[in-house]
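J.: Have a look at this one.
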There are 2 protein chains.
Amino acid sequence: MEQDKEKEGIENINCQLSIVNCQLNKNVYPIFDKMMGRSDKEQLLGQRSVMVWFTGLSGSGKSTLAIALERELHQRGYLCRILDGDNIRSGINNNLGFSAEDRIENIRRIAEVGKLFIDSGIVTLAAFISPNDYIREMAGTIIGKEDFLEVYVSTPIEECERRDVKGLYAKARRGEIRDFTGVSAPFEAPVHPALTLDTSLLTLEESVQKLLNLIIPKIEIN
Amino acid sequence: MEQDKEKEGIENINCQLSIVNCQLNKNVYPIFDKMMGRSDKEQLLGQRSVMVWFTGLSGSGKSTLAIALERELHQRGYLCRILDGDNIRSGINNNLGFSAEDRIENIRRIAEVGKLFIDSGIVTLAAFISPNDYIREMAGTIIGKEDFLEVYVSTPIEECERRDVKGLYAKARRGEIRDFTGVSAPFEAPVHPALTLDTSLLTLEESVQKLLNLIIPKIEIN
């Protein structure tokens, strides 16, 4: 106790000296020379940040789920950021192709961008096929495991192929796309996802409710 | 008037049909299949977003100004994101060097990341030497000119070199760093910056006040 008080006293003096110092050298360097931290921003926003990482086949419903989830969270006052093929492949990753190296670099950059959003207190939703443990492990390591929630959208390939929103399965079957996940390249299901959603069995509302049940306790500040 | 009402009526019917459609195909695609937009997020945050792009020599005070500005804006309830060498070169751009191509790619990726933050309603502060018109023009084009505020930190090289916080000028003078801006590579001052700040003449408080005067009218929502 005594020691604690003493320590506190010394810290106070140090702090005041720094302020004096700062007043004397006004145009050199500020005493507060650090960026605002994640917890400052979380406090400002009234939320905790987390990365929700949707993984699954093309057409499984990743982006649809992310978009519907964002809408629900936004209506509850939570600020979110979706990262998906539409805004990543056309922007920061517009100079990447689909070679093995480029696919890894694609996910690496996404994870790094996600980390900047997480660090700003923002609930971040990433929707990418990310077909194997290696690539998801890398993303989780960059972001930080404690902030990384893996959601496996497990819709069976038959259903994804039946939807074929972008016509990619048809192209892949005709051999016009190489290494297409589920057709000519493997998909490794995550071993311990935080949640698994099969959108051929669940309605969108049911899936979103399960997501909200998982996420809200992690992001709400009482 | 009549026509407007009629149009409104048709839109209402269309909207209700879409909802019915959505109810019938609950697990296919949602009616609200678009991400929340920038203005939704600006409304949620109670602020407008903008990119404040600090350009100037190494040691001119770019990051110091960005950090102090962020603190002032944060205290007024504005959510900001600083992008600078510390969080960019160690993360998303950790696979880039200092070749001419890599310097351009460095700024391109920063601008693309910035665009994602702007699109999320966040006041974004970028602090990078960005030594020429070409590179700043590229950044402005990616971000969108109407959202791009160029702040020229015009501190003279003599003062930057006197500070030499990172010891880089000493290394550059000894020839240990090639193409060092201001020593062995040119710096092109911006032609029409939104603001010019010489931190050898202004105190930090004075500079920050000028920044606040410029920025707050652009980001406040009445």
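Chain labels run A, B, ... following the order of the structure tokens; each chain numbers its residues from 1, and ligands are numbered from 1 in the order shown.
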What residues in chain B have any atom no more than 9 Å from chain A when counting only C-alpha atoms, and can you write them as an NGL selection string?

T.: :B and (25-30 or 32-36 or 40-41 or 44-45 or 61 or 63-64 or 66-68 or 70-71 or 74 or 77-83 or 87-88 or 91-93 or 108-113 or 115-117 or 120 or 142 or 163 or 199-205)

J.: Based on the backbone DSSP call, show me all residues of segment 36-169 of chain A assigned strand (DSSP E), as a ChimeraX atom specification.

T.: /A:51-56,80-84,123-127,148-153

J.: So which residues of chain B fall under alpha helix (DSSP H) by DSSP, listed as a compact mmCIF listing (two decimals) with C-alpha atoms, in the first residue's frame?

T.:
# COMPACT_ATOMS: atom_id res chain seq x y z
CA GLU B 2 -50.55 13.61 -58.74
CA GLN B 3 -47.77 11.98 -60.70
CA ASP B 4 -45.49 11.93 -57.67
CA LYS B 5 -48.16 10.21 -55.60
CA GLU B 6 -48.74 7.66 -58.33
CA LYS B 7 -45.03 6.97 -58.55
CA GLU B 8 -44.86 6.58 -54.79
CA GLY B 9 -47.76 4.14 -54.94
CA ILE B 10 -46.06 2.00 -57.55
CA GLU B 11 -42.86 2.01 -55.54
CA ASN B 12 -44.74 0.89 -52.46
CA ILE B 13 -46.32 -1.97 -54.36
CA ASN B 14 -42.95 -2.96 -55.79
CA CYS B 15 -41.42 -2.87 -52.37
CA GLN B 16 -44.17 -5.05 -50.92
CA LEU B 17 -43.87 -7.49 -53.80
CA SER B 18 -40.16 -7.76 -53.08
CA ILE B 19 -40.88 -8.49 -49.46
CA VAL B 20 -43.38 -11.19 -50.43
CA ASN B 21 -40.82 -12.58 -52.83
CA CYS B 22 -38.28 -12.59 -50.06
CA GLN B 23 -40.65 -14.41 -47.72
CA LEU B 24 -41.21 -17.09 -50.34
CA ARG B 38 -21.04 5.57 -46.46
CA SER B 39 -23.85 7.98 -45.60
CA ASP B 40 -25.48 5.37 -43.32
CA LYS B 41 -22.22 5.09 -41.43
CA GLU B 42 -21.66 8.84 -41.34
CA GLN B 43 -25.13 9.17 -39.87
CA LEU B 44 -24.40 6.49 -37.26
CA LEU B 45 -21.16 8.23 -36.30
CA LYS B 62 3.65 14.97 -40.21
CA SER B 63 3.00 12.15 -37.75
CA THR B 64 3.25 14.48 -34.75
CA LEU B 65 0.58 16.72 -36.28
CA ALA B 66 -1.62 13.76 -37.20
CA ILE B 67 -1.37 12.34 -33.67
CA ALA B 68 -2.16 15.68 -32.02
CA LEU B 69 -5.02 16.34 -34.45
CA GLU B 70 -6.48 12.88 -33.85
CA ARG B 71 -6.41 13.50 -30.09
CA GLU B 72 -8.27 16.79 -30.45
CA LEU B 73 -10.85 15.32 -32.82
CA HIS B 74 -11.32 12.25 -30.64
CA GLN B 75 -11.98 14.47 -27.62
CA GLY B 85 4.80 4.44 -41.63
CA ASP B 86 4.59 2.74 -38.26
CA ASN B 87 1.38 0.86 -38.91
CA ILE B 88 1.63 0.49 -42.70
CA ALA B 100 10.69 3.39 -57.46
CA GLU B 101 8.00 0.76 -58.15
CA ASP B 102 7.65 -0.17 -54.51
CA ARG B 103 7.30 3.46 -53.45
CA ILE B 104 4.42 3.88 -55.86
CA GLU B 105 2.82 0.60 -54.75
CA ASN B 106 3.28 1.73 -51.14
CA ILE B 107 1.23 4.88 -51.73
CA ARG B 108 -1.32 3.06 -53.92
CA ARG B 109 -2.10 0.55 -51.18
CA ILE B 110 -2.27 3.30 -48.55
CA ALA B 111 -4.76 5.21 -50.69
CA GLU B 112 -6.87 2.07 -51.20
CA VAL B 113 -6.88 1.35 -47.46
CA GLY B 114 -7.75 5.00 -46.85
CA LYS B 115 -10.65 4.71 -49.26
CA LEU B 116 -12.09 1.82 -47.24
CA PHE B 117 -11.91 3.93 -44.08
CA ILE B 118 -13.44 6.99 -45.79
CA ASP B 133 2.85 15.43 -57.57
CA TYR B 134 2.54 12.14 -59.44
CA ILE B 135 2.26 10.07 -56.30
CA ARG B 136 -0.09 12.51 -54.51
CA GLU B 137 -2.22 12.83 -57.65
CA MET B 138 -2.54 9.04 -57.74
CA ALA B 139 -3.60 8.96 -54.08
CA GLY B 140 -6.13 11.74 -54.67
CA THR B 141 -7.56 9.97 -57.68
CA ILE B 142 -8.02 6.69 -55.82
CA ILE B 143 -9.58 8.38 -52.80
CA ILE B 157 15.13 20.84 -44.36
CA GLU B 158 17.63 22.52 -42.01
CA GLU B 159 15.16 22.13 -39.15
CA CYS B 160 14.19 18.58 -40.16
CA GLU B 161 17.84 17.63 -40.30
CA ARG B 162 18.57 19.31 -36.96
CA ARG B 163 15.80 17.19 -35.36
CA LEU B 168 18.10 9.08 -41.14
CA TYR B 169 19.59 12.38 -42.34
CA ALA B 170 22.95 11.48 -40.80
CA LYS B 171 22.83 8.13 -42.59
CA ALA B 172 21.77 9.77 -45.85
CA ARG B 173 24.63 12.30 -45.63
CA LEU B 204 2.07 22.48 -32.18
CA GLU B 205 -1.03 24.10 -30.67
CA GLU B 206 -1.11 26.74 -33.41
CA SER B 207 -0.78 24.15 -36.15
CA VAL B 208 -3.47 21.95 -34.65
CA GLN B 209 -5.80 24.95 -34.34
CA LYS B 210 -5.35 25.71 -38.03
CA LEU B 211 -6.09 22.07 -38.84
CA LEU B 212 -9.21 22.08 -36.69
CA ASN B 213 -10.41 25.28 -38.37
CA LEU B 214 -10.00 23.62 -41.75
CA ILE B 215 -11.41 20.21 -40.93
CA ILE B 216 -14.25 20.61 -38.46
CA PRO B 217 -16.53 22.49 -40.88
CA LYS B 218 -16.04 19.63 -43.34
CA ILE B 219 -16.81 16.79 -40.94

J.: I'd like the neighbourhood of Thr181 of chain A as a list in words, where a residue qualifies if any of its atoms comes within 8 Å (using only C-alpha atoms), though same-chain residues fewer than 2 positions away should be ignored.

T.: Leu57, Ser58, Pro131, Asp179, Val183, Ser184, Ala185, Pro186 and Phe187 of chain A

J.: Rank nothing, just name the residue among A:Gly46, A:Ile221, A:Glu176, A:Gly56 nearest to Pro156 of chain A, using only C-alpha atoms.

T.: A:Gly56

J.: What does the distance between atom CA of Arg89 of chain B and atom CA of Ala126 of chain B come to in Å, to one decimal place?

T.: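 Going from atom CA of Arg89 of chain B over to atom CA of Ala126 of chain B covers 12.8 Å.
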
J.: From the options B:Ala194, B:Gly59, B:Phe128, B:Asn222, which residue's atoms come nearest to Thr155 of chain B, counting only C-alpha atoms?

T.: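 The answer is B:Gly59, which sits nearest to Thr155 of chain B.
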